[in-house]
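Asks: Here you go, this is coords-v4.pdb (PDB, N, CA and C atoms).
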```pdb
ATOM      1  N   MET A   1       0.834  -1.188   0.000
ATOM      2  CA  MET A   1       0.000   0.000   0.000
ATOM      3  C   MET A   1       0.871   1.241   0.000
ATOM      4  N   LYS A   2       0.499   2.202  -0.794
ATOM      5  CA  LYS A   2       1.225   3.459  -0.850
ATOM      6  C   LYS A   2       0.788   4.333   0.316
ATOM      7  N   LYS A   3       1.731   4.737   1.121
ATOM      8  CA  LYS A   3       1.384   5.583   2.266
ATOM      9  C   LYS A   3       1.244   7.043   1.824
ATOM     10  N   ASN A   4       2.280   7.547   1.169
ATOM     11  CA  ASN A   4       2.267   8.937   0.749
ATOM     12  C   ASN A   4       2.136   9.000  -0.765
ATOM     13  N   ILE A   5       0.981   9.347  -1.211
ATOM     14  CA  ILE A   5       0.744   9.468  -2.643
ATOM     15  C   ILE A   5       0.983  10.916  -3.036
ATOM     16  N   ASP A   6       1.830  11.119  -4.044
ATOM     17  CA  ASP A   6       2.073  12.462  -4.545
ATOM     18  C   ASP A   6       0.971  12.786  -5.546
ATOM     19  N   ILE A   7      -0.089  13.361  -5.035
ATOM     20  CA  ILE A   7      -1.300  13.569  -5.823
ATOM     21  C   ILE A   7      -1.080  14.592  -6.931
ATOM     22  N   LYS A   8      -0.329  15.610  -6.653
ATOM     23  CA  LYS A   8      -0.156  16.669  -7.650
ATOM     24  C   LYS A   8       0.691  16.228  -8.838
ATOM     25  N   SER A   9       1.377  15.089  -8.705
ATOM     26  CA  SER A   9       2.179  14.606  -9.825
ATOM     27  C   SER A   9       1.309  13.962 -10.907
ATOM     28  N   PHE A  10       0.071  13.595 -10.569
ATOM     29  CA  PHE A  10      -0.836  13.047 -11.565
ATOM     30  C   PHE A  10      -1.308  14.180 -12.460
ATOM     31  N   SER A  11      -0.853  14.157 -13.706
ATOM     32  CA  SER A  11      -1.186  15.253 -14.602
ATOM     33  C   SER A  11      -2.431  14.960 -15.440
ATOM     34  N   ILE A  12      -2.679  13.718 -15.718
ATOM     35  CA  ILE A  12      -3.800  13.351 -16.578
ATOM     36  C   ILE A  12      -4.938  12.838 -15.701
ATOM     37  N   GLU A  13      -6.152  13.214 -16.056
ATOM     38  CA  GLU A  13      -7.316  12.802 -15.278
ATOM     39  C   GLU A  13      -7.488  11.286 -15.282
ATOM     40  N   LYS A  14      -7.063  10.632 -16.360
ATOM     41  CA  LYS A  14      -7.185   9.173 -16.433
ATOM     42  C   LYS A  14      -6.380   8.510 -15.325
ATOM     43  N   ASN A  15      -5.197   9.047 -15.050
ATOM     44  CA  ASN A  15      -4.384   8.487 -13.972
ATOM     45  C   ASN A  15      -5.053   8.673 -12.626
ATOM     46  N   LEU A  16      -5.679   9.813 -12.431
ATOM     47  CA  LEU A  16      -6.391  10.059 -11.179
ATOM     48  C   LEU A  16      -7.567   9.101 -11.026
ATOM     49  N   ILE A  17      -8.297   8.909 -12.092
ATOM     50  CA  ILE A  17      -9.463   8.021 -12.043
ATOM     51  C   ILE A  17      -9.022   6.585 -11.775
ATOM     52  N   LYS A  18      -7.936   6.152 -12.416
ATOM     53  CA  LYS A  18      -7.423   4.807 -12.179
ATOM     54  C   LYS A  18      -6.987   4.641 -10.726
ATOM     55  N   GLU A  19      -6.309   5.628 -10.203
ATOM     56  CA  GLU A  19      -5.829   5.559  -8.818
ATOM     57  C   GLU A  19      -7.001   5.543  -7.839
ATOM     58  N   ILE A  20      -8.049   6.301  -8.126
ATOM     59  CA  ILE A  20      -9.246   6.291  -7.274
ATOM     60  C   ILE A  20      -9.872   4.906  -7.273
ATOM     61  N   GLU A  21      -9.966   4.289  -8.442
ATOM     62  CA  GLU A  21     -10.544   2.942  -8.533
ATOM     63  C   GLU A  21      -9.698   1.926  -7.766
ATOM     64  N   ILE A  22      -8.385   2.039  -7.876
ATOM     65  CA  ILE A  22      -7.488   1.133  -7.148
ATOM     66  C   ILE A  22      -7.676   1.295  -5.650
ATOM     67  N   GLN A  23      -7.725   2.538  -5.193
ATOM     68  CA  GLN A  23      -7.889   2.797  -3.765
ATOM     69  C   GLN A  23      -9.238   2.299  -3.262
ATOM     70  N   LYS A  24     -10.283   2.429  -4.082
ATOM     71  CA  LYS A  24     -11.606   1.938  -3.683
ATOM     72  C   LYS A  24     -11.605   0.419  -3.529
ATOM     73  N   LYS A  25     -10.920  -0.279  -4.438
ATOM     74  CA  LYS A  25     -10.838  -1.732  -4.340
ATOM     75  C   LYS A  25     -10.079  -2.147  -3.086
ATOM     76  N   ILE A  26      -9.004  -1.448  -2.788
ATOM     77  CA  ILE A  26      -8.243  -1.738  -1.567
ATOM     78  C   ILE A  26      -9.101  -1.494  -0.342
ATOM     79  N   LEU A  27      -9.870  -0.413  -0.361
ATOM     80  CA  LEU A  27     -10.749  -0.096   0.767
ATOM     81  C   LEU A  27     -11.791  -1.188   0.969
ATOM     82  N   GLN A  28     -12.364  -1.690  -0.107
ATOM     83  CA  GLN A  28     -13.352  -2.769   0.002
ATOM     84  C   GLN A  28     -12.743  -4.010   0.631
ATOM     85  N   LYS A  29     -11.530  -4.374   0.207
ATOM     86  CA  LYS A  29     -10.865  -5.548   0.753
ATOM     87  C   LYS A  29     -10.570  -5.375   2.239
ATOM     88  N   ILE A  30     -10.104  -4.204   2.607
ATOM     89  CA  ILE A  30      -9.765  -3.963   4.009
ATOM     90  C   ILE A  30     -11.019  -3.946   4.867
ATOM     91  N   LYS A  31     -12.114  -3.366   4.358
ATOM     92  CA  LYS A  31     -13.368  -3.367   5.114
ATOM     93  C   LYS A  31     -13.882  -4.788   5.320
ATOM     94  N   LEU A  32     -13.768  -5.616   4.288
ATOM     95  CA  LEU A  32     -14.193  -6.997   4.414
ATOM     96  C   LEU A  32     -13.344  -7.724   5.456
ATOM     97  N   ASN A  33     -12.029  -7.549   5.372
ATOM     98  CA  ASN A  33     -11.136  -8.173   6.349
ATOM     99  C   ASN A  33     -11.410  -7.670   7.760
ATOM    100  N   HIS A  34     -11.768  -6.413   7.876
ATOM    101  CA  HIS A  34     -12.059  -5.836   9.185
ATOM    102  C   HIS A  34     -13.338  -6.438   9.771
ATOM    103  N   SER A  35     -14.341  -6.640   8.915
ATOM    104  CA  SER A  35     -15.600  -7.199   9.403
ATOM    105  C   SER A  35     -15.436  -8.665   9.807
ATOM    106  N   VAL A  36     -14.535  -9.376   9.116
ATOM    107  CA  VAL A  36     -14.274 -10.770   9.442
ATOM    108  C   VAL A  36     -13.359 -10.883  10.659
ATOM    109  N   GLY A  37     -12.553  -9.869  10.870
ATOM    110  CA  GLY A  37     -11.660  -9.860  12.022
ATOM    111  C   GLY A  37     -10.213 -10.097  11.661
ATOM    112  N   LEU A  38      -9.879 -10.019  10.377
ATOM    113  CA  LEU A  38      -8.516 -10.272   9.941
ATOM    114  C   LEU A  38      -7.671  -9.005   9.814
ATOM    115  N   CYS A  39      -8.287  -7.861   9.938
ATOM    116  CA  CYS A  39      -7.575  -6.599   9.762
ATOM    117  C   CYS A  39      -6.744  -6.310  11.007
ATOM    118  N   LYS A  40      -5.438  -6.169  10.826
ATOM    119  CA  LYS A  40      -4.554  -5.918  11.952
ATOM    120  C   LYS A  40      -4.548  -4.452  12.364
ATOM    121  N   ASN A  41      -4.735  -3.575  11.389
ATOM    122  CA  ASN A  41      -4.660  -2.151  11.670
ATOM    123  C   ASN A  41      -5.914  -1.458  11.124
ATOM    124  N   PRO A  42      -6.940  -1.263  11.950
ATOM    125  CA  PRO A  42      -8.177  -0.657  11.454
ATOM    126  C   PRO A  42      -8.032   0.821  11.100
ATOM    127  N   ILE A  43      -6.969   1.451  11.544
ATOM    128  CA  ILE A  43      -6.747   2.865  11.216
ATOM    129  C   ILE A  43      -6.398   3.020   9.735
ATOM    130  N   GLU A  44      -5.982   1.921   9.124
ATOM    131  CA  GLU A  44      -5.678   1.918   7.697
ATOM    132  C   GLU A  44      -6.893   2.348   6.874
ATOM    133  N   ILE A  45      -8.084   1.982   7.329
ATOM    134  CA  ILE A  45      -9.317   2.351   6.639
ATOM    135  C   ILE A  45      -9.438   3.863   6.542
ATOM    136  N   ARG A  46      -9.134   4.532   7.616
ATOM    137  CA  ARG A  46      -9.212   5.996   7.650
ATOM    138  C   ARG A  46      -8.245   6.622   6.654
ATOM    139  N   PHE A  47      -7.006   6.106   6.606
ATOM    140  CA  PHE A  47      -6.008   6.662   5.697
ATOM    141  C   PHE A  47      -6.414   6.490   4.238
ATOM    142  N   ILE A  48      -6.971   5.341   3.918
ATOM    143  CA  ILE A  48      -7.378   5.095   2.532
ATOM    144  C   ILE A  48      -8.559   5.981   2.159
ATOM    145  N   ARG A  49      -9.521   6.131   3.073
ATOM    146  CA  ARG A  49     -10.660   7.023   2.797
ATOM    147  C   ARG A  49     -10.175   8.448   2.557
ATOM    148  N   ARG A  50      -9.217   8.885   3.337
ATOM    149  CA  ARG A  50      -8.683  10.239   3.158
ATOM    150  C   ARG A  50      -7.937  10.376   1.837
ATOM    151  N   ASN A  51      -7.192   9.339   1.457
ATOM    152  CA  ASN A  51      -6.490   9.380   0.172
ATOM    153  C   ASN A  51      -7.475   9.463  -0.988
ATOM    154  N   ILE A  52      -8.573   8.729  -0.887
ATOM    155  CA  ILE A  52      -9.598   8.791  -1.932
ATOM    156  C   ILE A  52     -10.186  10.193  -2.006
ATOM    157  N   ALA A  53     -10.442  10.794  -0.858
ATOM    158  CA  ALA A  53     -10.993  12.153  -0.832
ATOM    159  C   ALA A  53     -10.009  13.148  -1.441
ATOM    160  N   LYS A  54      -8.732  12.992  -1.141
ATOM    161  CA  LYS A  54      -7.724  13.888  -1.706
ATOM    162  C   LYS A  54      -7.640  13.737  -3.216
ATOM    163  N   LEU A  55      -7.702  12.495  -3.679
ATOM    164  CA  LEU A  55      -7.660  12.253  -5.126
ATOM    165  C   LEU A  55      -8.870  12.850  -5.826
ATOM    166  N   LYS A  56     -10.043  12.701  -5.233
ATOM    167  CA  LYS A  56     -11.247  13.270  -5.828
ATOM    168  C   LYS A  56     -11.210  14.790  -5.838
ATOM    169  N   THR A  57     -10.653  15.379  -4.785
ATOM    170  CA  THR A  57     -10.515  16.831  -4.736
ATOM    171  C   THR A  57      -9.600  17.322  -5.840
ATOM    172  N   GLU A  58      -8.470  16.630  -6.027
ATOM    173  CA  GLU A  58      -7.539  17.013  -7.081
ATOM    174  C   GLU A  58      -8.166  16.846  -8.457
ATOM    175  N   LEU A  59      -8.966  15.814  -8.627
ATOM    176  CA  LEU A  59      -9.656  15.589  -9.904
ATOM    177  C   LEU A  59     -10.628  16.719 -10.179
ATOM    178  N   ASN A  60     -11.346  17.163  -9.152
ATOM    179  CA  ASN A  60     -12.300  18.273  -9.320
ATOM    180  C   ASN A  60     -11.596  19.595  -9.602
ATOM    181  N   LYS A  61     -10.389  19.774  -9.091
ATOM    182  CA  LYS A  61      -9.633  21.002  -9.362
ATOM    183  C   LYS A  61      -9.265  21.084 -10.839
ATOM    184  N   LYS A  62      -8.952  19.931 -11.420
ATOM    185  CA  LYS A  62      -8.527  19.921 -12.816
ATOM    186  C   LYS A  62      -9.725  19.885 -13.714
TER     187      LYS A  62
END
```
Now that the file is in, can you turn its structure into structure tokens?

Replies:
Amino acid sequence: MKKNIDIKSFSIEKNLIKEIEIQKKILQKIKLNHSVGLCKNPIEIRFIRRNIAKLKTELNKK
């Protein structure tokens, strides 16, 4: 998992959209693991949600 995503380096909207989709899939997997009880670090969910929000904000700016 990428901890620090350099959002402003994404110049093309397609890259932003792809990254948002990737992050959403990761979030779904982590939520499922969390509900089953396999998630070791539940704070990871918060970080991924914030990364998705940052990516969407950058997409809206462009």

Asks: For A:Ile20, which residue out of A:Ile52, A:Lys62, A:Lys40, A:Thr57 is the nearest one, using all atoms listed in the file?

Replies: A:Ile52

Asks: Within 9 Å of A:Gln23, counting only C-alpha atoms, which residues show up once you throw out same-chain ones fewer than 6 positions away? Write them as a list in words, please.

Replies: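 Listing them by chain and then by number gives Ile48, Arg49, Asn51 and Ile52 of chain A.
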
Asks: So the first atom is atom N of A:Leu55 and the second is atom N of A:Asn41; what is the distance between them in Å, to one decimal place?

Replies: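 That distance, rounded to one decimal, is 22.2 Å.
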
Asks: Any idea what's packed within 10 Å of A:Pro42, counting only C-alpha atoms, ignoring anything in its chain fewer than 6 positions away? Could you give it as number ranges by chain?

Replies: A: 30-31, 33-34

Asks: Using the file's own x, y and z axes, so that the box edges lie along x, y and z, what centre and edge lengths in Å (one decimal) does a box around every listed atom of stretch 39-46 of chain A get when 6 Å is added on each side? Give it as JSON.

Replies:
```
{"center_x": -7.0, "center_y": -0.6, "center_z": 9.5, "size_x": 16.9, "size_y": 26.5, "size_z": 17.8}
```

Asks: So which residues of chain A fall under helix (DSSP H, G or I) by DSSP, listed as a PyMOL selection string?

Replies: chain A and resi 7-9+13-36+43-61

Asks: What does the distance between atom CA of A:Glu58 and atom N of A:Lys29 come to in Å, to one decimal place?

Replies: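 Spanning atom CA of A:Glu58 to atom N of A:Lys29 is a straight-line distance of 22.9 Å.
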
Asks: How far is it from atom C of A:Glu44 to atom CA of A:Leu27, in Å with one decimal?

Replies: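 Value for the atom C of A:Glu44-atom CA of A:Leu27 distance: 7.6 Å.
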
Asks: Quick one: stretch 29-43 of chain A with N, CA, C and O atoms, as a PDB file, in the coordinates of the input?

Replies:
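Final output, rebuild-v6.pdb:
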```pdb
ATOM      1  N   LYS A  29     -11.530  -4.374   0.207  1.00  0.00           N
ATOM      2  CA  LYS A  29     -10.865  -5.548   0.753  1.00  0.00           C
ATOM      3  C   LYS A  29     -10.570  -5.375   2.239  1.00  0.00           C
ATOM      4  O   LYS A  29     -10.784  -6.301   3.029  1.00  0.00           O
ATOM      5  N   ILE A  30     -10.104  -4.204   2.607  1.00  0.00           N
ATOM      6  CA  ILE A  30      -9.765  -3.963   4.009  1.00  0.00           C
ATOM      7  C   ILE A  30     -11.019  -3.946   4.867  1.00  0.00           C
ATOM      8  O   ILE A  30     -11.021  -4.470   5.986  1.00  0.00           O
ATOM      9  N   LYS A  31     -12.114  -3.366   4.358  1.00  0.00           N
ATOM     10  CA  LYS A  31     -13.368  -3.367   5.114  1.00  0.00           C
ATOM     11  C   LYS A  31     -13.882  -4.788   5.320  1.00  0.00           C
ATOM     12  O   LYS A  31     -14.383  -5.116   6.398  1.00  0.00           O
ATOM     13  N   LEU A  32     -13.768  -5.616   4.288  1.00  0.00           N
ATOM     14  CA  LEU A  32     -14.193  -6.997   4.414  1.00  0.00           C
ATOM     15  C   LEU A  32     -13.344  -7.724   5.456  1.00  0.00           C
ATOM     16  O   LEU A  32     -13.875  -8.422   6.319  1.00  0.00           O
ATOM     17  N   ASN A  33     -12.029  -7.549   5.372  1.00  0.00           N
ATOM     18  CA  ASN A  33     -11.136  -8.173   6.349  1.00  0.00           C
ATOM     19  C   ASN A  33     -11.410  -7.670   7.760  1.00  0.00           C
ATOM     20  O   ASN A  33     -11.315  -8.421   8.720  1.00  0.00           O
ATOM     21  N   HIS A  34     -11.768  -6.413   7.876  1.00  0.00           N
ATOM     22  CA  HIS A  34     -12.059  -5.836   9.185  1.00  0.00           C
ATOM     23  C   HIS A  34     -13.338  -6.438   9.771  1.00  0.00           C
ATOM     24  O   HIS A  34     -13.405  -6.733  10.967  1.00  0.00           O
ATOM     25  N   SER A  35     -14.341  -6.640   8.915  1.00  0.00           N
ATOM     26  CA  SER A  35     -15.600  -7.199   9.403  1.00  0.00           C
ATOM     27  C   SER A  35     -15.436  -8.665   9.807  1.00  0.00           C
ATOM     28  O   SER A  35     -16.103  -9.136  10.720  1.00  0.00           O
ATOM     29  N   VAL A  36     -14.535  -9.376   9.116  1.00  0.00           N
ATOM     30  CA  VAL A  36     -14.274 -10.770   9.442  1.00  0.00           C
ATOM     31  C   VAL A  36     -13.359 -10.883  10.659  1.00  0.00           C
ATOM     32  O   VAL A  36     -13.396 -11.850  11.390  1.00  0.00           O
ATOM     33  N   GLY A  37     -12.553  -9.869  10.870  1.00  0.00           N
ATOM     34  CA  GLY A  37     -11.660  -9.860  12.022  1.00  0.00           C
ATOM     35  C   GLY A  37     -10.213 -10.097  11.661  1.00  0.00           C
ATOM     36  O   GLY A  37      -9.392 -10.353  12.530  1.00  0.00           O
ATOM     37  N   LEU A  38      -9.879 -10.019  10.377  1.00  0.00           N
ATOM     38  CA  LEU A  38      -8.516 -10.272   9.941  1.00  0.00           C
ATOM     39  C   LEU A  38      -7.671  -9.005   9.814  1.00  0.00           C
ATOM     40  O   LEU A  38      -6.478  -9.096   9.595  1.00  0.00           O
ATOM     41  N   CYS A  39      -8.287  -7.861   9.938  1.00  0.00           N
ATOM     42  CA  CYS A  39      -7.575  -6.599   9.762  1.00  0.00           C
ATOM     43  C   CYS A  39      -6.744  -6.310  11.007  1.00  0.00           C
ATOM     44  O   CYS A  39      -7.270  -6.206  12.113  1.00  0.00           O
ATOM     45  N   LYS A  40      -5.438  -6.169  10.826  1.00  0.00           N
ATOM     46  CA  LYS A  40      -4.554  -5.918  11.952  1.00  0.00           C
ATOM     47  C   LYS A  40      -4.548  -4.452  12.364  1.00  0.00           C
ATOM     48  O   LYS A  40      -4.373  -4.131  13.527  1.00  0.00           O
ATOM     49  N   ASN A  41      -4.735  -3.575  11.389  1.00  0.00           N
ATOM     50  CA  ASN A  41      -4.660  -2.151  11.670  1.00  0.00           C
ATOM     51  C   ASN A  41      -5.914  -1.458  11.124  1.00  0.00           C
ATOM     52  O   ASN A  41      -5.949  -1.060   9.959  1.00  0.00           O
ATOM     53  N   PRO A  42      -6.940  -1.263  11.950  1.00  0.00           N
ATOM     54  CA  PRO A  42      -8.177  -0.657  11.454  1.00  0.00           C
ATOM     55  C   PRO A  42      -8.032   0.821  11.100  1.00  0.00           C
ATOM     56  O   PRO A  42      -8.869   1.375  10.393  1.00  0.00           O
ATOM     57  N   ILE A  43      -6.969   1.451  11.544  1.00  0.00           N
ATOM     58  CA  ILE A  43      -6.747   2.865  11.216  1.00  0.00           C
ATOM     59  C   ILE A  43      -6.398   3.020   9.735  1.00  0.00           C
ATOM     60  O   ILE A  43      -6.552   4.090   9.160  1.00  0.00           O
TER      61      ILE A  43
END
```
